[in-house]
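Trainee: Please find run-v5.txt (compact mmCIF, C-alpha atoms) on the next line:
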```
# COMPACT_ATOMS: atom_id res chain seq x y z
CA MET W 1 8.18 83.36 116.90
CA ALA W 2 7.15 80.76 114.30
CA SER W 3 9.42 80.58 111.27
CA ASP W 4 8.01 81.10 107.78
CA ILE W 5 7.87 77.68 106.13
CA SER W 6 7.65 79.27 102.66
CA ASN W 7 11.42 79.78 102.99
CA LEU W 8 12.10 76.06 103.41
CA ARG W 9 13.66 74.20 100.50
CA LYS W 10 14.04 70.45 100.04
CA PHE W 11 16.49 68.75 97.72
CA VAL W 12 16.10 65.21 96.39
CA SER W 13 18.49 63.33 94.14
CA PRO W 14 19.39 59.74 93.33
CA GLU W 15 22.65 58.05 94.15
CA ILE W 16 24.76 59.13 91.16
CA ILE W 17 27.66 57.26 89.56
CA PHE W 18 29.20 59.53 86.92
CA GLY W 19 31.82 58.65 84.33
CA ALA W 20 32.76 56.56 81.32
CA GLY W 21 31.88 52.90 81.85
CA ALA W 22 29.27 53.53 84.59
CA ARG W 23 26.73 51.43 82.63
CA HIS W 24 28.74 48.27 83.31
CA THR W 25 27.92 48.46 87.04
CA VAL W 26 24.17 47.82 86.66
CA ALA W 27 24.33 44.33 88.16
CA ASN W 28 26.11 45.52 91.34
CA TYR W 29 23.23 47.86 92.09
CA ALA W 30 20.52 45.41 91.02
CA SER W 31 21.93 42.85 93.45
CA THR W 32 21.98 45.35 96.35
CA PHE W 33 18.23 45.78 95.78
CA GLY W 34 17.76 42.00 95.96
CA ALA W 35 16.88 41.69 92.28
CA ARG W 36 15.09 38.46 91.54
CA LYS W 37 14.34 39.47 87.97
CA VAL W 38 15.00 42.83 86.33
CA LEU W 39 12.73 44.50 83.78
CA ILE W 40 14.90 46.42 81.29
CA VAL W 41 12.90 49.26 79.72
CA SER W 42 14.37 50.72 76.53
CA ASP W 43 13.49 51.50 72.92
CA PRO W 44 14.49 50.01 69.53
CA GLY W 45 17.01 52.77 68.74
CA VAL W 46 18.88 52.29 72.02
CA VAL W 47 18.89 48.51 71.49
CA ALA W 48 20.33 49.05 67.99
CA ALA W 49 23.05 51.30 69.46
CA GLY W 50 24.20 48.38 71.64
CA TRP W 51 23.65 49.88 75.10
CA VAL W 52 21.02 47.35 76.18
CA ALA W 53 23.45 44.54 75.29
CA ASP W 54 25.99 46.06 77.73
CA VAL W 55 23.39 46.10 80.52
CA ILE W 56 22.39 42.50 79.76
CA ALA W 57 26.06 41.43 79.83
CA SER W 58 26.45 43.02 83.27
CA LEU W 59 23.36 41.20 84.62
CA GLU W 60 24.33 37.86 83.05
CA ALA W 61 27.81 38.08 84.56
CA GLN W 62 26.16 38.02 88.01
CA ASP W 63 23.44 35.50 87.06
CA ILE W 64 20.61 38.01 87.45
CA ASP W 65 17.49 37.10 85.46
CA TYR W 66 15.92 39.76 83.24
CA ALA W 67 13.14 40.55 80.76
CA VAL W 68 13.23 43.30 78.12
CA PHE W 69 10.44 45.75 77.21
CA THR W 70 11.13 48.05 74.24
CA ASN W 71 7.68 49.07 73.02
CA VAL W 72 8.31 52.75 73.80
CA SER W 73 7.59 55.72 71.47
CA PRO W 74 9.71 58.89 71.37
CA ASN W 75 7.04 60.54 73.58
CA PRO W 76 5.96 57.59 75.80
CA ARG W 77 2.25 56.83 75.73
CA CYS W 78 -0.25 55.75 78.37
CA GLU W 79 -0.90 52.47 76.53
CA GLU W 80 2.81 51.64 76.50
CA VAL W 81 3.09 52.26 80.25
CA MET W 82 0.06 50.03 80.92
CA ALA W 83 1.41 47.25 78.64
CA GLY W 84 4.84 47.50 80.32
CA ALA W 85 3.33 47.23 83.81
CA GLU W 86 1.36 44.14 82.77
CA PHE W 87 4.55 42.59 81.35
CA TYR W 88 6.50 43.48 84.55
CA ILE W 89 3.93 41.63 86.68
CA GLU W 90 3.64 38.66 84.27
CA GLN W 91 7.41 38.22 84.30
CA GLY W 92 7.64 38.38 88.11
CA CYS W 93 10.12 41.25 88.11
CA ASN W 94 11.05 43.26 91.22
CA VAL W 95 13.58 45.84 89.94
CA ILE W 96 13.37 48.18 86.92
CA VAL W 97 16.37 49.29 84.82
CA GLY W 98 15.67 52.12 82.36
CA VAL W 99 18.13 52.48 79.47
CA GLY W 100 17.72 55.34 77.02
CA GLY W 101 16.63 58.94 76.71
CA GLY W 102 13.75 60.61 78.50
CA SER W 103 11.14 58.40 76.85
CA PRO W 104 12.25 54.96 78.13
CA MET W 105 13.09 56.47 81.54
CA ASP W 106 9.68 58.15 81.89
CA CYS W 107 7.98 54.97 80.67
CA ALA W 108 9.97 52.99 83.28
CA LYS W 109 8.76 55.37 86.01
CA GLY W 110 5.18 54.90 84.82
CA ILE W 111 5.56 51.11 84.81
CA GLY W 112 6.84 51.28 88.39
CA ILE W 113 3.83 53.34 89.49
CA VAL W 114 1.18 51.19 87.78
CA SER W 115 2.73 47.85 88.79
CA THR W 116 2.44 48.66 92.51
CA HIS W 117 -0.88 50.55 92.49
CA GLY W 118 -2.84 48.55 89.91
CA ARG W 119 -4.53 51.69 88.58
CA HIS W 120 -4.36 53.63 85.30
CA ILE W 121 -1.31 55.86 84.88
CA LEU W 122 -3.49 58.97 84.29
CA GLU W 123 -4.81 58.69 87.86
CA PHE W 124 -1.39 59.88 89.10
CA VAL W 125 -1.18 63.12 87.12
CA GLY W 126 -0.24 66.10 89.30
CA VAL W 127 1.88 66.51 92.40
CA ASP W 128 2.37 63.82 95.10
CA MET W 129 -0.39 61.46 93.95
CA ILE W 130 1.66 58.29 94.58
CA ASP W 131 0.94 56.67 97.94
CA ARG W 132 2.89 53.39 97.80
CA PRO W 133 6.60 52.69 97.32
CA ILE W 134 7.40 51.74 93.74
CA PRO W 135 10.06 49.19 92.69
CA PRO W 136 13.73 50.22 92.77
CA LEU W 137 14.67 52.23 89.67
CA ILE W 138 18.18 52.06 88.18
CA PHE W 139 18.65 54.36 85.18
CA VAL W 140 21.28 54.54 82.43
CA PRO W 141 20.62 57.75 80.45
CA THR W 142 21.80 57.69 76.82
CA THR W 143 21.07 61.33 75.94
CA ALA W 144 22.35 64.47 77.66
CA GLY W 145 19.33 66.65 78.26
CA THR W 146 16.13 65.22 79.65
CA SER W 147 17.53 64.51 83.14
CA ALA W 148 14.76 61.99 83.80
CA ASP W 149 17.53 60.02 85.50
CA VAL W 150 17.77 62.55 88.35
CA SER W 151 14.33 64.18 88.41
CA GLN W 152 11.06 63.78 90.29
CA PHE W 153 9.09 64.14 87.03
CA ALA W 154 7.56 61.56 84.71
CA ILE W 155 6.13 63.01 81.48
CA ILE W 156 3.61 60.78 79.69
CA SER W 157 1.81 61.43 76.39
CA ASP W 158 -1.98 61.08 76.44
CA GLN W 159 -2.73 60.50 72.76
CA ALA W 160 -6.50 60.65 73.23
CA GLU W 161 -6.32 64.18 74.63
CA MET W 162 -3.23 65.10 72.55
CA ILE W 163 -1.40 66.36 75.63
CA LYS W 164 1.69 65.49 77.64
CA VAL W 165 0.91 65.13 81.34
CA SER W 166 3.27 65.57 84.29
CA ILE W 167 3.52 63.22 87.26
CA VAL W 168 5.57 64.87 90.01
CA SER W 169 6.63 62.89 93.06
CA LYS W 170 9.83 62.07 94.88
CA SER W 171 8.73 58.44 94.47
CA VAL W 172 9.87 58.62 90.83
CA VAL W 173 13.35 59.95 91.62
CA PRO W 174 15.48 56.96 90.57
CA ASP W 175 17.35 55.11 93.30
CA VAL W 176 20.54 54.97 91.25
CA SER W 177 21.57 56.93 88.16
CA LEU W 178 24.52 55.51 86.18
CA ILE W 179 25.53 58.54 84.09
CA ASP W 180 27.89 57.29 81.39
CA PRO W 181 28.91 59.83 78.70
CA GLU W 182 30.04 57.00 76.38
CA THR W 183 26.39 56.14 75.77
CA THR W 184 25.76 59.50 74.09
CA VAL W 185 28.30 59.03 71.26
CA THR W 186 25.60 57.34 69.14
CA VAL W 187 23.27 60.36 69.39
CA ASP W 188 23.07 62.29 66.10
CA PRO W 189 23.96 66.02 66.02
CA PHE W 190 20.31 67.17 65.71
CA LEU W 191 19.23 65.22 68.80
CA SER W 192 22.38 66.34 70.63
CA ALA W 193 21.36 69.93 69.86
CA CYS W 194 17.74 69.35 70.98
CA THR W 195 18.68 67.65 74.23
CA GLY W 196 21.48 70.14 74.95
CA VAL W 197 19.11 73.09 74.53
CA ASP W 198 16.54 71.26 76.68
CA ALA W 199 19.14 71.03 79.46
CA LEU W 200 20.01 74.72 79.06
CA VAL W 201 16.31 75.63 79.34
CA HIS W 202 16.02 73.43 82.45
CA ALA W 203 18.83 75.42 84.06
CA ILE W 204 17.51 78.86 83.04
CA GLU W 205 13.95 78.09 84.16
CA ALA W 206 15.12 76.57 87.45
CA PHE W 207 17.21 79.68 88.21
CA VAL W 208 14.28 82.10 87.73
CA SER W 209 11.64 79.74 89.20
CA THR W 210 9.74 80.85 92.30
CA GLY W 211 10.97 77.58 93.85
CA ALA W 212 14.65 78.44 93.38
CA GLY W 213 17.00 78.54 96.35
CA PRO W 214 20.68 78.18 97.26
CA LEU W 215 20.61 74.39 96.84
CA THR W 216 19.43 74.67 93.24
CA ASP W 217 21.06 77.94 92.13
CA MET W 218 24.60 76.57 92.19
CA HIS W 219 23.66 73.63 89.95
CA ALA W 220 21.60 75.83 87.58
CA LEU W 221 24.38 78.39 87.03
CA ASP W 222 27.05 75.72 86.63
CA ALA W 223 24.87 73.97 84.04
CA ILE W 224 24.34 77.22 82.10
CA ARG W 225 28.08 77.89 82.04
CA ILE W 226 29.06 74.34 81.01
CA ILE W 227 26.43 73.96 78.27
CA ASN W 228 27.07 77.46 76.88
CA THR W 229 30.81 76.71 76.70
CA HIS W 230 30.65 73.27 75.06
CA LEU W 231 27.36 72.63 73.20
CA VAL W 232 28.26 74.22 69.84
CA ASP W 233 31.61 72.39 69.82
CA LEU W 234 29.86 69.10 70.61
CA VAL W 235 27.37 69.43 67.74
CA ASN W 236 30.34 70.03 65.43
CA ASN W 237 32.46 67.21 66.97
CA PRO W 238 29.95 64.53 67.99
CA LYS W 239 32.57 61.84 68.69
CA ASP W 240 34.59 63.94 71.17
CA ILE W 241 34.25 62.10 74.50
CA PHE W 242 35.48 65.08 76.56
CA LEU W 243 32.70 67.26 75.11
CA ARG W 244 30.17 64.43 75.63
CA GLU W 245 31.23 64.24 79.28
CA GLN W 246 30.92 68.01 79.77
CA ILE W 247 27.42 68.20 78.30
CA MET W 248 26.37 65.12 80.31
CA LEU W 249 27.65 66.89 83.45
CA GLY W 250 25.82 70.09 82.51
CA SER W 251 22.63 68.15 81.86
CA MET W 252 22.92 66.36 85.21
CA LYS W 253 23.39 69.63 87.07
CA ALA W 254 20.45 71.20 85.23
CA GLY W 255 18.38 68.16 86.23
CA LEU W 256 19.30 68.47 89.90
CA ALA W 257 18.30 72.16 89.71
CA PHE W 258 14.95 71.80 87.96
CA SER W 259 13.88 68.63 89.75
CA ASN W 260 13.95 70.63 92.97
CA ALA W 261 13.17 74.22 91.89
CA ILE W 262 10.68 73.04 89.21
CA LEU W 263 10.39 74.90 85.90
CA GLY W 264 8.27 77.59 84.23
CA ALA W 265 6.22 78.64 81.24
CA VAL W 266 8.64 77.33 78.58
CA HIS W 267 8.06 73.80 79.82
CA ALA W 268 4.34 74.20 80.47
CA MET W 269 3.91 75.45 76.89
CA SER W 270 6.34 72.90 75.49
CA HIS W 271 4.51 69.97 77.12
CA SER W 272 1.27 71.22 75.55
CA LEU W 273 2.97 71.62 72.18
CA GLY W 274 4.76 68.24 72.31
CA GLY W 275 1.52 66.43 73.07
CA PHE W 276 -0.19 68.26 70.22
CA LEU W 277 2.46 67.75 67.52
CA ASP W 278 4.59 64.83 68.81
CA LEU W 279 7.79 66.86 68.23
CA PRO W 280 11.15 66.44 70.03
CA HIS W 281 10.78 68.11 73.43
CA GLY W 282 14.04 70.06 73.14
CA LEU W 283 12.92 71.52 69.80
CA CYS W 284 9.63 72.69 71.39
CA ASN W 285 11.61 74.41 74.16
CA ALA W 286 13.97 76.02 71.66
CA MET W 287 11.12 77.56 69.66
CA LEU W 288 9.60 79.14 72.78
CA LEU W 289 12.63 80.15 74.86
CA GLU W 290 13.31 83.79 73.93
CA HIS W 291 9.59 84.63 73.80
CA VAL W 292 9.02 83.37 77.36
CA ILE W 293 12.15 85.21 78.60
CA ASN W 294 10.80 88.40 77.03
CA PHE W 295 7.51 87.90 78.92
CA ASN W 296 9.12 86.94 82.25
CA TYR W 297 11.93 89.49 82.27
CA PRO W 298 10.21 92.28 84.30
CA GLU W 299 9.54 89.87 87.20
CA ALA W 300 13.10 88.49 87.46
CA GLU W 301 15.42 91.21 86.15
CA SER W 302 18.23 90.61 88.65
CA ARG W 303 18.16 86.84 88.07
CA PHE W 304 18.20 87.19 84.29
CA LYS W 305 21.13 89.59 84.66
CA VAL W 306 23.06 86.86 86.54
CA ILE W 307 22.18 84.41 83.73
CA ALA W 308 23.50 86.91 81.16
CA GLN W 309 26.78 87.24 83.11
CA THR W 310 27.05 83.45 83.39
CA LEU W 311 26.72 83.25 79.59
CA GLY W 312 29.73 85.56 79.35
CA ILE W 313 27.84 88.76 78.49
CA ASP W 314 29.48 91.94 79.82
CA VAL W 315 26.53 93.77 81.43
CA ARG W 316 28.50 96.70 82.88
CA GLY W 317 26.88 100.03 82.05
CA LEU W 318 23.93 98.41 80.24
CA THR W 319 20.32 99.40 80.90
CA THR W 320 17.82 96.69 81.89
CA LEU W 321 16.43 96.71 78.35
CA GLN W 322 19.92 96.31 76.86
CA VAL W 323 20.69 93.36 79.15
CA LYS W 324 17.47 91.68 78.05
CA GLN W 325 18.28 92.30 74.38
CA ARG W 326 21.84 90.95 74.71
CA LEU W 327 20.62 87.87 76.59
CA ILE W 328 18.00 87.06 73.96
CA GLN W 329 20.45 87.73 71.09
CA HIS W 330 22.98 85.39 72.70
CA LEU W 331 20.46 82.56 73.12
CA VAL W 332 19.06 82.97 69.58
CA ALA W 333 22.64 82.87 68.21
CA LEU W 334 23.47 79.78 70.29
CA LYS W 335 20.38 77.99 68.95
CA ALA W 336 21.28 78.99 65.38
CA ASN W 337 24.82 77.69 65.85
CA VAL W 338 23.45 74.23 66.74
CA GLY W 339 20.91 74.32 63.90
CA LEU W 340 17.71 75.07 65.83
CA THR W 341 16.14 77.98 63.96
CA GLN W 342 12.63 76.59 63.37
CA LYS W 343 9.45 78.45 64.28
CA LEU W 344 6.10 77.00 65.38
CA GLY W 345 4.36 77.79 62.08
CA ILE W 346 6.77 75.68 60.04
CA ASN W 347 5.88 72.70 62.25
CA GLY W 348 2.17 73.01 61.58
CA VAL W 349 0.91 75.28 64.37
CA THR W 350 -1.79 77.69 63.15
CA PRO W 351 -3.28 80.71 64.96
CA SER W 352 -6.50 78.74 65.53
CA ASP W 353 -4.56 76.08 67.51
CA ILE W 354 -3.25 78.61 70.03
CA PRO W 355 -6.27 78.87 72.38
CA ILE W 356 -6.31 75.06 72.78
CA LEU W 357 -2.54 74.87 73.32
CA SER W 358 -2.75 77.71 75.87
CA ALA W 359 -5.63 76.18 77.82
CA LYS W 360 -3.63 72.96 78.17
CA ALA W 361 -0.43 74.82 79.14
CA MET W 362 -2.35 76.56 81.95
CA THR W 363 -3.08 73.16 83.56
CA ASP W 364 0.60 72.07 83.59
CA PRO W 365 2.29 72.09 87.05
CA CYS W 366 5.32 73.93 85.60
CA ILE W 367 3.25 77.10 85.14
CA LEU W 368 2.89 77.37 88.93
CA THR W 369 6.55 78.25 89.50
CA ASN W 370 6.91 80.60 86.54
CA PRO W 371 8.34 83.90 87.87
CA ARG W 372 5.59 86.01 86.30
CA ARG W 373 2.00 85.07 86.99
CA SER W 374 0.27 84.38 83.72
CA ASN W 375 -3.29 83.98 82.52
CA GLN W 376 -4.41 82.19 79.39
CA ARG W 377 -4.28 85.35 77.26
CA ASP W 378 -0.63 85.94 78.29
CA VAL W 379 0.26 82.42 77.16
CA GLU W 380 -1.62 82.91 73.87
CA VAL W 381 0.40 86.07 73.15
CA VAL W 382 3.70 84.22 73.71
CA TYR W 383 2.64 81.38 71.37
CA GLU W 384 1.61 83.99 68.79
CA GLU W 385 5.04 85.64 68.99
CA ALA W 386 6.68 82.23 68.46
CA LEU W 387 4.74 81.54 65.26
```
Would you give me this structure, written as C-alpha cells?
Mentor:
Amino acid sequence: MASDISNLRKFVSPEIIFGAGARHTVANYASTFGARKVLIVSDPGVVAAGWVADVIASLEAQDIDYAVFTNVSPNPRCEEVMAGAEFYIEQGCNVIVGVGGGSPMDCAKGIGIVSTHGRHILEFVGVDMIDRPIPPLIFVPTTAGTSADVSQFAIISDQAEMIKVSIVSKSVVPDVSLIDPETTVTVDPFLSACTGVDALVHAIEAFVSTGAGPLTDMHALDAIRIINTHLVDLVNNPKDIFLREQIMLGSMKAGLAFSNAILGAVHAMSHSLGGFLDLPHGLCNAMLLEHVINFNYPEAESRFKVIAQTLGIDVRGLTTLQVKQRLIQHLVALKANVGLTQKLGINGVTPSDIPILSAKAMTDPCILTNPRRSNQRDVEVVYEEAL
C-alpha cells in the first residue's frame, strides 16, 4: 500500500552557533567557505552600534578581504537588493555576511539570489523559484525576533506596489547562523518589544499551521514558554544579558518552527500592512494577533488549548469559549505590559484601505497554511475588527 505523502514533514536549519561572543567567529566560517572577498550587508544603525566593526576585526585578523554595503532600509527594498547585487559582483565577492535585524539579513538573501541569477529580485517571489545555488550566507542577527537567520524566507518591500513580498526557498536558509545575545543589548525597549512579540507570533502561528508536525511543535511550544516567561522582564531590564539570551533562544526556536511549518493569516495580513504603511513588522503582528486567533479558533481548538496551557493558563473545567477568552486576554495583557497597545486606525489605516490590504494578504504564501480557510471577505472582517 502506498503511503500518504501529505504526512511527510521536512526540516531545514542552518548550522547554528549560539552564545555570547559568537559574532567573533565569522572569519573561521568565511575561510571554510573559501572566502576570497566577503560582502558585509548591514545598515547604518547596526554600524553605529559597533557590531560591524567586530565582524571586520574578525575578518582582518585572518587576512580576509571584505567590502561593506549598508544602504538598507528598515523594510528592505527591491532597489536596495539590486544595488547590493551589483556591488557584490563589482567587488568580486564570493561569500555574504549579513549583520543586523531582519532587514539586512533579508537584503543579504536577495543579493545572493540576484548575484547568481542575474534577474530582478521580484522574479523569485513565491515558493521554490530559485534554481541555482546562491553564495554562502553567514548571518549575525542583532535583534531577537525576525529569525531571518534560521528561516527559508526572504521578505522584500516592493515600494511601487506598496506591498511586502515573500520569497520562500531552502536556498535562502543561511549556511551558518552566529546567534550572539550580546548584539541585542543596543536594541531599544520598543524594538525589543516589537521583535519579541514577532517571535511569539511566529511560534503561535507555526503551532496551529496546517504544516505543523512533531519536528516543529517542540520548538514552537518551547518558544512560547520562553518568550512568555521573559519578555516583559527584558523590556523593563534591557541590559540584562541573561534575559537577552533567553529571548534570543526563544526567537531562534520560533524561527526553526515557522521556517518549516510556515505561518498563517497574522503574517499574511501583516506583510500587506507593512508594505502599505512601512511600519515595524512586529507592531503589525501585535495589532492583528488576537483578532486572527478569534477567527481561527474554531478550526484549531485543541491546539489553541495547548498554547493556553503553555502560557500558564489553567484550563481545567473551562468551556471552549472560556479558554479562547482567557488566551486572548493573556496575550492582550502581555502586549500591554511591553507597551504595544496601538490599533490600526491610529497608524493611518482607514476603512477604505481594507479591501486593498485584504486583496494583497490573500496573495501571500502564509495564508495557505492558516488553519482556517479564508476568503477575502473573512480577511476584511479581521482588519475591520483591528481598527
Trainee: So that each row is one residue of segment 290-359 of chain W with an atom at most 12 Å from segment 253-271 of chain W, can you give its shortest atom pair and the distance in Å to one decimal, using all atoms listed in the file, rows by chain and rising number, as a Markdown table?
Mentor:
```
| residue | atom | partner | partner_atom | distance |
| --- | --- | --- | --- | --- |
| W:Glu290 | CA | W:Val266 | CA | 9.2 |
| W:His291 | CA | W:Val266 | CA | 8.8 |
| W:Val292 | CA | W:Val266 | CA | 6.2 |
| W:Ile293 | CA | W:Val266 | CA | 8.6 |
| W:Asn294 | CA | W:Val266 | CA | 11.4 |
| W:Phe295 | CA | W:Ala265 | CA | 9.6 |
| W:Asn296 | CA | W:Ala265 | CA | 8.8 |
| W:Leu344 | CA | W:Ser270 | CA | 10.9 |
| W:Ile354 | CA | W:Met269 | CA | 10.4 |
| W:Pro355 | CA | W:Met269 | CA | 11.6 |
| W:Ile356 | CA | W:Met269 | CA | 11.0 |
| W:Leu357 | CA | W:Met269 | CA | 7.4 |
| W:Ser358 | CA | W:Met269 | CA | 7.1 |
| W:Ala359 | CA | W:Met269 | CA | 9.6 |
```
Trainee: Between atom CA of Met287 of chain W and atom CA of Asp233 of chain W, measure the distance and give it in Å to one decimal.
Mentor: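 Separation between atom CA of Met287 of chain W and atom CA of Asp233 of chain W: 21.1 Å.
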Trainee: Write out as a PyMOL selection string each polymer residue whose atoms come within 12 Å of Leu59 of chain W, counting all atoms listed in the file; drop sequence neighbours fewer than 2 positions from it.
Mentor: chain W and resi 23-31+35-40+52-57+61-67+97
Trainee: Considering all atoms listed in the file, state which residue in the set W:Ala108, W:Val114, W:Ala386, W:Ala361 is at the smallest distance from Ile163 of chain W.
Mentor: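 Closest candidate: W:Ala361.
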Trainee: Determine, using only C-alpha atoms, which residues of segment 270-289 of chain W have any atom at most 12 Å from an atom of segment 141-148 of chain W, and tabulate each with its shortest atom pair and distance in Å to one decimal place, rows ordered by chain and then rising number, as JSON lines.
Mentor:
```
{"residue": "W:Pro280", "atom": "CA", "partner": "W:Thr146", "partner_atom": "CA", "distance": 10.9}
{"residue": "W:His281", "atom": "CA", "partner": "W:Thr146", "partner_atom": "CA", "distance": 8.7}
{"residue": "W:Gly282", "atom": "CA", "partner": "W:Gly145", "partner_atom": "CA", "distance": 8.1}
{"residue": "W:Leu283", "atom": "CA", "partner": "W:Gly145", "partner_atom": "CA", "distance": 11.7}
{"residue": "W:Asn285", "atom": "CA", "partner": "W:Thr146", "partner_atom": "CA", "distance": 11.6}
```
Trainee: Identify which of the residues W:Ala154, W:Val81, W:Leu387, W:Met252 lies closest to Gly196 of chain W, counting all atoms listed in the file when measuring atom-to-atom distances.
Mentor: W:Met252
Trainee: Grab all the atoms of segment 211-222 of chain W that the file lists, wrap them in a box along x, y and z, add 8 Å per side, and give me centre plus edge lengths in Å (one decimal) as lines of an AutoDock Vina configuration file.
Mentor:
```
center_x = 19.0
center_y = 76.1
center_z = 91.9
size_x = 32.1
size_y = 20.9
size_z = 26.6
```
